[in-house]
file query_26.txt (compact mmCIF, C-alpha atoms and all ligand atoms)
# COMPACT_ATOMS: atom_id res chain seq x y z
CA MET A 145 139.63 62.28 41.64
CA THR A 146 140.45 65.52 43.46
CA ASN A 147 137.68 67.09 45.47
CA VAL A 148 136.95 70.54 43.97
CA PRO A 149 136.06 73.16 46.60
CA GLU A 150 133.06 75.45 46.28
CA LEU A 151 133.59 78.05 43.56
CA ALA A 152 132.93 80.79 46.14
CA ALA A 153 136.02 79.71 48.12
CA LEU A 154 138.20 79.62 44.99
CA TYR A 155 136.91 82.99 43.77
CA ARG A 156 137.48 84.50 47.22
CA LYS A 157 141.17 83.59 47.17
CA MET A 158 141.65 84.76 43.59
CA GLN A 159 140.02 88.09 44.37
CA LEU A 160 142.09 88.44 47.56
CA ILE A 161 145.31 87.98 45.58
CA ARG A 162 144.19 90.42 42.87
CA ARG A 163 143.19 93.15 45.31
CA VAL A 164 146.21 92.72 47.61
CA GLU A 165 148.50 93.10 44.60
CA GLU A 166 146.64 96.10 43.19
CA GLU A 167 147.06 97.82 46.55
CA ALA A 168 150.70 96.70 46.72
CA ALA A 169 151.26 98.37 43.32
CA ARG A 170 149.75 101.57 44.68
CA ALA A 171 151.90 101.39 47.84
CA TYR A 172 154.99 100.77 45.69
CA ALA A 173 154.24 103.93 43.67
CA GLN A 174 153.92 105.80 46.98
CA GLY A 175 157.39 104.63 48.03
CA LYS A 176 156.11 102.43 50.85
CA ILE A 177 157.58 99.26 49.31
CA GLY A 178 161.22 99.09 48.27
CA GLY A 179 163.20 96.75 46.01
CA PHE A 180 161.46 94.71 43.35
CA LEU A 181 157.76 93.91 43.13
CA HIS A 182 156.66 91.23 40.64
CA LEU A 183 152.90 90.97 40.40
CA TYR A 184 150.99 87.75 39.76
CA ILE A 185 147.94 89.53 38.33
CA GLY A 186 146.37 87.37 35.60
CA GLN A 187 147.86 84.11 36.88
CA GLU A 188 145.92 83.77 40.18
CA ALA A 189 143.89 80.72 39.09
CA ILE A 190 147.08 78.63 39.04
CA ALA A 191 148.16 79.09 42.66
CA VAL A 192 144.58 78.96 43.93
CA GLY A 193 143.66 75.87 41.89
CA ALA A 194 146.89 74.09 42.80
CA ASP A 195 146.51 74.88 46.50
CA ALA A 196 143.06 73.31 46.47
CA ALA A 197 144.64 70.07 45.24
CA LEU A 198 147.20 70.01 48.08
CA ARG A 199 147.09 69.04 51.73
CA PRO A 200 148.26 71.57 54.34
CA THR A 201 151.23 69.26 55.00
CA ASP A 202 152.47 69.36 51.37
CA TYR A 203 155.36 71.62 50.36
CA ALA A 204 155.22 74.46 47.83
CA LEU A 205 158.06 76.50 46.32
CA THR A 206 157.97 79.19 43.66
CA THR A 207 159.81 82.08 42.04
CA TYR A 208 160.00 85.74 43.03
CA ARG A 209 156.37 86.05 41.72
CA ASP A 210 155.29 84.57 45.01
CA HIS A 211 152.56 86.67 46.65
CA GLY A 212 149.75 84.65 45.08
CA LEU A 213 151.05 81.32 46.32
CA ALA A 214 151.57 82.67 49.85
CA LEU A 215 147.97 83.93 50.03
CA ALA A 216 146.64 80.77 48.38
CA ARG A 217 148.38 78.68 51.05
CA GLY A 218 146.61 80.69 53.70
CA MET A 219 148.97 83.48 54.71
CA SER A 220 147.00 86.49 55.94
CA ALA A 221 146.85 89.67 53.87
CA ARG A 222 148.31 91.46 56.90
CA ALA A 223 151.38 89.21 57.11
CA LEU A 224 152.04 89.47 53.37
CA MET A 225 151.47 93.21 53.04
CA ALA A 226 153.58 93.98 56.10
CA GLU A 227 156.36 91.84 54.61
CA LEU A 228 156.19 93.87 51.39
CA PHE A 229 156.36 97.06 53.47
CA GLY A 230 159.47 95.67 55.20
CA LYS A 231 157.80 95.78 58.60
CA ALA A 232 158.60 93.67 61.67
CA THR A 233 155.04 92.27 61.63
CA GLY A 234 155.54 90.75 58.17
CA ALA A 235 155.68 87.01 57.49
CA CYS A 236 159.50 87.12 57.65
CA GLN A 237 159.83 90.08 60.02
CA GLY A 238 160.28 92.31 56.97
CA LEU A 239 163.61 90.67 56.14
CA GLY A 240 162.53 88.71 53.07
CA GLY A 241 160.49 91.26 51.16
CA SER A 242 158.50 90.65 48.00
CA MET A 243 160.76 88.02 46.40
CA HIS A 244 161.43 85.91 49.47
CA VAL A 245 158.12 85.28 51.18
CA PHE A 246 158.38 82.18 53.37
CA ASP A 247 155.92 80.52 55.72
CA ALA A 248 157.21 77.34 57.34
CA GLU A 249 153.93 76.71 59.17
CA ARG A 250 152.00 76.59 55.89
CA ARG A 251 154.89 74.82 54.16
CA MET A 252 155.27 77.63 51.64
CA LEU A 253 159.05 77.29 51.34
CA GLY A 254 159.69 80.51 49.39
CA GLY A 255 160.00 82.81 47.14
CA TYR A 256 163.32 82.55 45.13
CA GLY A 257 165.00 85.25 43.03
CA ILE A 258 167.44 83.06 41.10
CA VAL A 259 165.68 81.80 37.98
CA GLY A 260 165.67 77.99 38.07
CA GLY A 261 167.56 77.89 41.37
CA HIS A 262 164.71 76.52 43.45
CA LEU A 263 163.96 73.47 41.28
CA PRO A 264 166.73 71.36 42.88
CA LEU A 265 165.60 72.60 46.31
CA ALA A 266 162.08 71.37 45.60
CA THR A 267 163.52 68.07 44.38
CA GLY A 268 165.35 67.78 47.69
CA THR A 269 162.14 68.47 49.61
CA ALA A 270 160.39 65.70 47.67
CA PHE A 271 163.33 63.39 48.36
CA ALA A 272 163.00 64.15 52.08
CA SER A 273 159.30 63.24 52.01
CA LYS A 274 160.02 59.95 50.27
CA TYR A 275 162.97 59.13 52.55
CA ARG A 276 160.94 59.83 55.68
CA GLY A 277 157.82 58.19 54.26
CA ASP A 278 155.67 61.10 55.44
CA GLY A 279 153.30 60.93 52.44
CA GLY A 280 154.00 64.56 51.50
CA VAL A 281 153.96 65.94 47.98
CA THR A 282 156.06 68.88 46.78
CA ILE A 283 154.81 71.31 44.17
CA CYS A 284 157.26 73.57 42.42
CA PHE A 285 156.21 76.54 40.25
CA PHE A 286 158.49 78.28 37.75
CA GLY A 287 158.30 80.26 34.53
CA GLU A 288 159.25 79.05 31.07
CA GLY A 289 162.42 81.15 31.52
CA SER A 290 163.69 78.36 33.82
CA VAL A 291 163.55 75.72 31.11
CA PRO A 292 166.86 76.51 29.32
CA ILE A 293 168.61 76.61 32.71
CA GLY A 294 170.67 73.65 33.90
CA GLU A 295 168.83 73.25 37.22
CA PHE A 296 165.58 72.46 35.38
CA HIS A 297 167.22 69.46 33.72
CA GLU A 298 169.09 68.35 36.84
CA ALA A 299 165.85 68.45 38.83
CA MET A 300 163.87 66.53 36.18
CA THR A 301 166.58 63.89 35.91
CA LEU A 302 166.81 63.18 39.63
CA ALA A 303 163.05 63.39 40.21
CA SER A 304 162.55 60.78 37.49
CA LEU A 305 165.43 58.48 38.47
CA TRP A 306 164.46 58.51 42.14
CA LYS A 307 160.68 58.46 41.47
CA LEU A 308 160.01 61.46 43.71
CA PRO A 309 156.58 62.72 44.82
CA ILE A 310 156.81 66.08 43.07
CA VAL A 311 154.74 68.15 40.64
CA PHE A 312 156.64 70.63 38.50
CA VAL A 313 154.32 73.39 37.31
CA CYS A 314 155.60 75.61 34.53
CA GLU A 315 153.60 78.84 34.48
CA ASN A 316 154.19 79.65 30.84
CA ASN A 317 153.15 83.29 30.43
CA GLY A 318 154.91 83.70 27.11
CA TYR A 319 157.60 86.13 28.25
CA ALA A 320 160.80 85.92 30.30
CA MET A 321 161.05 89.58 31.34
CA GLY A 322 160.79 91.26 27.89
CA THR A 323 161.92 88.24 25.89
CA PRO A 324 159.18 86.31 24.09
CA ILE A 325 159.20 82.54 24.27
CA ASP A 326 160.31 82.03 20.66
CA ARG A 327 163.62 83.71 21.50
CA VAL A 328 164.07 81.56 24.65
CA LEU A 329 162.98 78.05 23.70
CA PRO A 330 163.64 76.26 20.39
CA VAL A 331 160.60 74.06 21.13
CA HIS A 332 157.70 75.97 22.68
CA GLU A 333 155.95 73.04 24.32
CA VAL A 334 157.71 72.84 27.68
CA THR A 335 156.06 69.47 28.26
CA SER A 336 158.06 68.02 25.35
CA HIS A 337 160.89 67.73 27.89
CA ALA A 338 158.88 65.25 29.94
CA VAL A 339 159.45 62.68 27.21
CA SER A 340 163.24 62.81 27.58
CA TYR A 341 162.97 62.40 31.35
CA GLY A 342 160.40 59.62 31.10
CA ILE A 343 157.77 61.31 33.24
CA PRO A 344 154.07 62.05 32.64
CA SER A 345 152.97 65.53 31.62
CA ASP A 346 149.93 67.70 31.14
CA ARG A 347 149.51 70.98 29.25
CA PHE A 348 146.50 73.28 29.20
CA VAL A 349 145.35 76.86 28.79
CA VAL A 350 144.38 78.35 32.16
CA GLU A 351 140.88 79.75 31.86
CA CYS A 352 138.90 77.98 34.57
CA VAL A 353 140.10 77.68 38.17
CA ARG A 354 138.11 74.48 38.71
CA GLU A 355 139.87 72.88 35.77
CA VAL A 356 143.21 73.81 37.38
CA VAL A 357 142.15 71.97 40.55
CA THR A 358 141.36 68.77 38.67
CA ARG A 359 144.31 68.88 36.22
CA ILE A 360 146.96 69.66 38.86
CA GLY A 361 145.03 67.44 41.27
CA ALA A 362 145.61 64.44 38.98
CA ALA A 363 149.35 65.10 39.08
CA VAL A 364 149.33 65.54 42.88
CA GLU A 365 147.44 62.28 43.23
CA ARG A 366 149.99 60.50 41.01
CA ALA A 367 152.81 61.88 43.15
CA ARG A 368 151.09 60.81 46.37
CA THR A 369 149.92 57.34 45.41
CA GLU A 370 152.59 56.24 42.89
CA SER A 371 155.52 58.48 43.89
CA THR A 372 155.80 59.58 40.27
CA PRO A 373 156.78 63.11 39.22
CA THR A 374 154.74 65.05 36.63
CA LEU A 375 155.53 68.09 34.52
CA VAL A 376 152.47 70.32 34.15
CA GLU A 377 152.50 73.29 31.79
CA CYS A 378 149.94 76.00 32.47
CA LEU A 379 149.54 78.41 29.55
CA THR A 380 148.79 81.76 31.13
CA TYR A 381 149.44 85.50 30.82
CA ARG A 382 150.59 88.25 33.17
CA PHE A 383 148.59 91.43 32.78
CA ARG A 384 151.23 93.72 34.29
CA GLY A 385 154.89 94.26 33.44
CA HIS A 386 157.55 91.80 34.55
CA SER A 387 158.08 93.93 37.66
CA MET A 388 156.98 97.42 38.64
CA SER A 389 159.92 98.94 36.74
CA ASP A 390 158.86 97.37 33.43
CA PRO A 391 156.89 99.66 31.07
CA GLY A 392 156.07 96.57 28.95
CA LYS A 393 156.95 98.08 25.56
CA TYR A 394 157.56 94.63 24.05
CA ARG A 395 153.86 93.76 23.78
CA THR A 396 151.02 95.62 22.12
CA SER A 397 148.09 96.91 24.13
CA GLU A 398 145.82 94.89 21.79
CA GLU A 399 147.58 91.69 22.88
CA VAL A 400 147.26 92.55 26.58
CA GLU A 401 143.61 93.58 26.23
CA ALA A 402 142.77 90.36 24.34
CA HIS A 403 144.12 88.32 27.27
CA LYS A 404 142.32 90.48 29.83
CA ARG A 405 139.04 89.61 28.09
CA ARG A 406 139.77 85.97 29.00
CA ASP A 407 140.72 86.80 32.61
CA PRO A 408 140.11 83.63 34.71
CA LEU A 409 139.12 85.83 37.66
CA VAL A 410 136.34 87.51 35.65
CA ARG A 411 135.22 84.09 34.45
CA ALA A 412 135.15 82.69 38.00
CA ARG A 413 133.05 85.65 39.15
CA ALA A 414 130.63 85.28 36.24
CA GLU A 415 130.20 81.58 37.02
CA LEU A 416 129.68 82.35 40.69
CA VAL A 417 127.01 84.93 39.82
CA ALA A 418 125.31 82.38 37.56
CA GLU A 419 125.32 79.79 40.37
CA ARG A 420 124.66 81.88 43.46
CA GLY A 421 123.57 85.35 42.28
CA GLU A 422 125.22 88.77 42.14
CA ALA A 423 124.66 89.43 45.85
CA ALA A 424 126.83 86.43 46.81
CA ALA A 425 129.73 87.64 44.66
CA ALA A 426 129.31 91.24 45.84
CA ALA A 427 129.39 90.09 49.48
CA ILE A 428 132.74 88.36 48.89
CA ASP A 429 134.09 91.46 47.13
CA ALA A 430 133.07 93.64 50.09
CA GLU A 431 134.76 91.28 52.57
CA ILE A 432 137.95 91.36 50.52
CA GLU A 433 137.92 95.17 50.31
CA ALA A 434 137.74 95.36 54.11
CA GLU A 435 140.49 92.74 54.51
CA VAL A 436 142.84 94.51 52.11
CA ALA A 437 142.19 97.97 53.60
CA ASP A 438 142.92 96.51 57.04
CA ALA A 439 146.16 94.93 55.74
CA VAL A 440 147.36 98.28 54.34
CA ALA A 441 146.49 100.16 57.54
CA PHE A 442 148.18 97.45 59.63
CA SER A 443 151.32 97.64 57.48
CA ASP A 444 151.38 101.44 57.52
CA THR A 445 151.30 101.53 61.30
CA SER A 446 153.55 98.52 62.02
CA PRO A 447 157.10 99.11 63.30
CA GLU A 448 160.29 98.61 61.29
CA PRO A 449 162.49 95.67 62.33
CA THR A 450 164.83 96.82 65.08
CA ALA A 451 168.56 96.18 65.47
CA ASP A 452 168.01 93.12 67.66
CA VAL A 453 166.32 91.44 64.65
CA LEU A 454 168.56 92.88 61.94
CA GLU A 455 171.96 92.28 63.50
CA PRO A 456 171.79 88.50 64.03
CA THR A 457 170.02 87.85 60.72
CA THR A 458 171.18 90.45 58.22
CA TYR A 459 174.26 92.33 59.40
CA ALA A 460 177.45 91.16 61.04
CA GLY A 461 177.59 92.91 64.40
CA PRO A 462 178.02 92.40 68.09
CA PHE A 463 174.90 90.20 68.23
CA ALA A 464 175.68 88.16 65.08
CA ARG A 465 175.22 84.42 65.56
C1 LIG B 1 169.91 82.86 37.09
C2 LIG B 1 169.21 84.14 36.78
N1 LIG B 1 169.41 84.73 35.58
C3 LIG B 1 168.76 85.87 35.27
C4 LIG B 1 167.93 86.46 36.18
C5 LIG B 1 167.18 87.74 35.81
N2 LIG B 1 165.79 87.43 35.60
C6 LIG B 1 164.87 87.68 36.55
S1 LIG B 1 163.36 87.21 36.09
C7 LIG B 1 163.88 86.67 34.60
C8 LIG B 1 162.91 86.09 33.60
C9 LIG B 1 162.24 84.86 34.05
O1 LIG B 1 161.12 84.58 33.25
P1 LIG B 1 160.18 83.37 33.52
O2 LIG B 1 160.97 82.24 34.06
O3 LIG B 1 159.42 83.10 32.28
O4 LIG B 1 159.20 83.82 34.69
P2 LIG B 1 158.14 85.01 34.77
O5 LIG B 1 158.88 86.22 35.25
O6 LIG B 1 157.55 85.16 33.41
O7 LIG B 1 157.13 84.60 35.78
C10 LIG B 1 165.25 86.87 34.47
C11 LIG B 1 166.02 86.50 33.26
C12 LIG B 1 167.76 85.84 37.42
N3 LIG B 1 166.97 86.35 38.37
N4 LIG B 1 168.40 84.68 37.69
call {"tool": "encode", "arguments": {"input": "query_26.txt", "output": "structure tokens"}}
result
Amino acid sequence: MTNVPELAALYRKMQLIRRVEEEAARAYAQGKIGGFLHLYIGQEAIAVGADAALRPTDYALTTYRDHGLALARGMSARALMAELFGKATGACQGLGGSMHVFDAERRMLGGYGIVGGHLPLATGTAFASKYRGDGGVTICFFGEGSVPIGEFHEAMTLASLWKLPIVFVCENNGYAMGTPIDRVLPVHEVTSHAVSYGIPSDRFVVECVREVVTRIGAAVERARTESTPTLVECLTYRFRGHSMSDPGKYRTSEEVEAHKRRDPLVRARAELVAERGEAAAAAIDAEIEAEVADAVAFSDTSPEPTADVLEPTTYAGPFAR
């Protein structure tokens, strides 16, 4: 049985992700962040709950909607925000940006922009753990838009055949960009695929972060102790558009508002208030406000990457490796 952390710690991380992303959206509108920006707002309980079920030595990979996982794994708000701003002080020296956040120390192995493309990479990471016998588990997050893609099926097949210590977590938010699930998948239950690959599965609506810890925790435990892969489907909802350039005209405001009323972050706060009182929750909120304001100020004043970083990593030039 997975040890569930104090609700205050889980709420703190969820609130940090929410507030960092709200400020990132503001900075994007101000032109301080370039390229794409895909927000995780509404889905925070998944990364936070899953992280609580992992060890620091486990590996985690996800899609371009990666800010939440990076913060859940312990990246500082400064390092993430500066990365979004494209600054040299960012987690990847400003070279990765929003979609390619990477933190080798915390074993957060990206941030991938190609839908489905990271599932075989995660399978390879799990293979490496098994081959080396290091006891590590890999967790791989993806949207339901990955399911009709070949890599999903290749990854499931090999993970099952080779009995790899991996947890595949489908964050099913009902839409692949503007396309609703019934135009993407003939069968809506993503976990139905687990049957054809002969692996265990679990499927649940994400409302309670503590439930995420125990449900994903059971799959992590199975991976660690039995070297058996699991397909977990988390039914969730993103409150914002697919990315900042999406006006979201494909869903009604009534639908979005109905989901916001079941916001797992609001629920976590209400439960925290019931357990520890309003002052405890307010104190966490105040700490987060200070942390996020500091991250924005730090990113604003940080330097851009200079040519000695850009040339060997990004451009061919006299210093190229
Ligand atoms: C191979 C590939 N095809 C198409 C795209 C364009 N694209 C970016 S996100 C996306 C939708 C993915 O939806 P889903 O997997 O449900 O994840 P979500 O964005 O909902 O988190 C598409 C089609 C891409 N990045 N890669």
call {"tool": "residues_near_ligand", "arguments": {"input": "query_26.txt", "ligand": "ligand LIG 1 (chain B)", "cutoff": "6 Å", "atoms": "all atoms listed in the file", "output": "ChimeraX atom specification"}}
result
/A:257-259,286-290,317,319-321,386
call {"tool": "residues_around", "arguments": {"input": "query_26.txt", "residues": "range 360-369 of chain A", "least_positions_apart": "3", "cutoff": "10 Å", "atoms": "all atoms listed in the file", "output": "ChimeraX atom specification"}}
result
/A:145-148,190,193-199,202,270,274,279-283,307-313,344-346,355-357,372-378
call {"tool": "residues_around", "arguments": {"input": "query_26.txt", "residues": "Ile161 in chain A", "least_positions_apart": "3", "cutoff": "6 Å", "atoms": "all atoms listed in the file", "output": "MDAnalysis selection string"}}
result
chainID A and resid 158 164 212
call {"tool": "residues_around", "arguments": {"input": "query_26.txt", "residues": "Leu228 in chain A", "least_positions_apart": "6", "cutoff": "8 Å", "atoms": "only C-alpha atoms", "output": "PyMOL selection string"}}
result
chain A and resi 168+177-178+234+238+241-242
call {"tool": "axis_aligned_box", "arguments": {"input": "query_26.txt", "around": "range 446-460 of chain A", "padding_each_side": "5 Å", "output": "JSON"}}
result
{"center_x": 165.5, "center_y": 93.5, "center_z": 62.9, "size_x": 33.9, "size_y": 21.3, "size_z": 19.4}
call {"tool": "atom_distance", "arguments": {"input": "query_26.txt", "atom1": "CA of Thr450 in chain A", "atom2": "CA of Ala235 in chain A"}}
result
15.4 Å
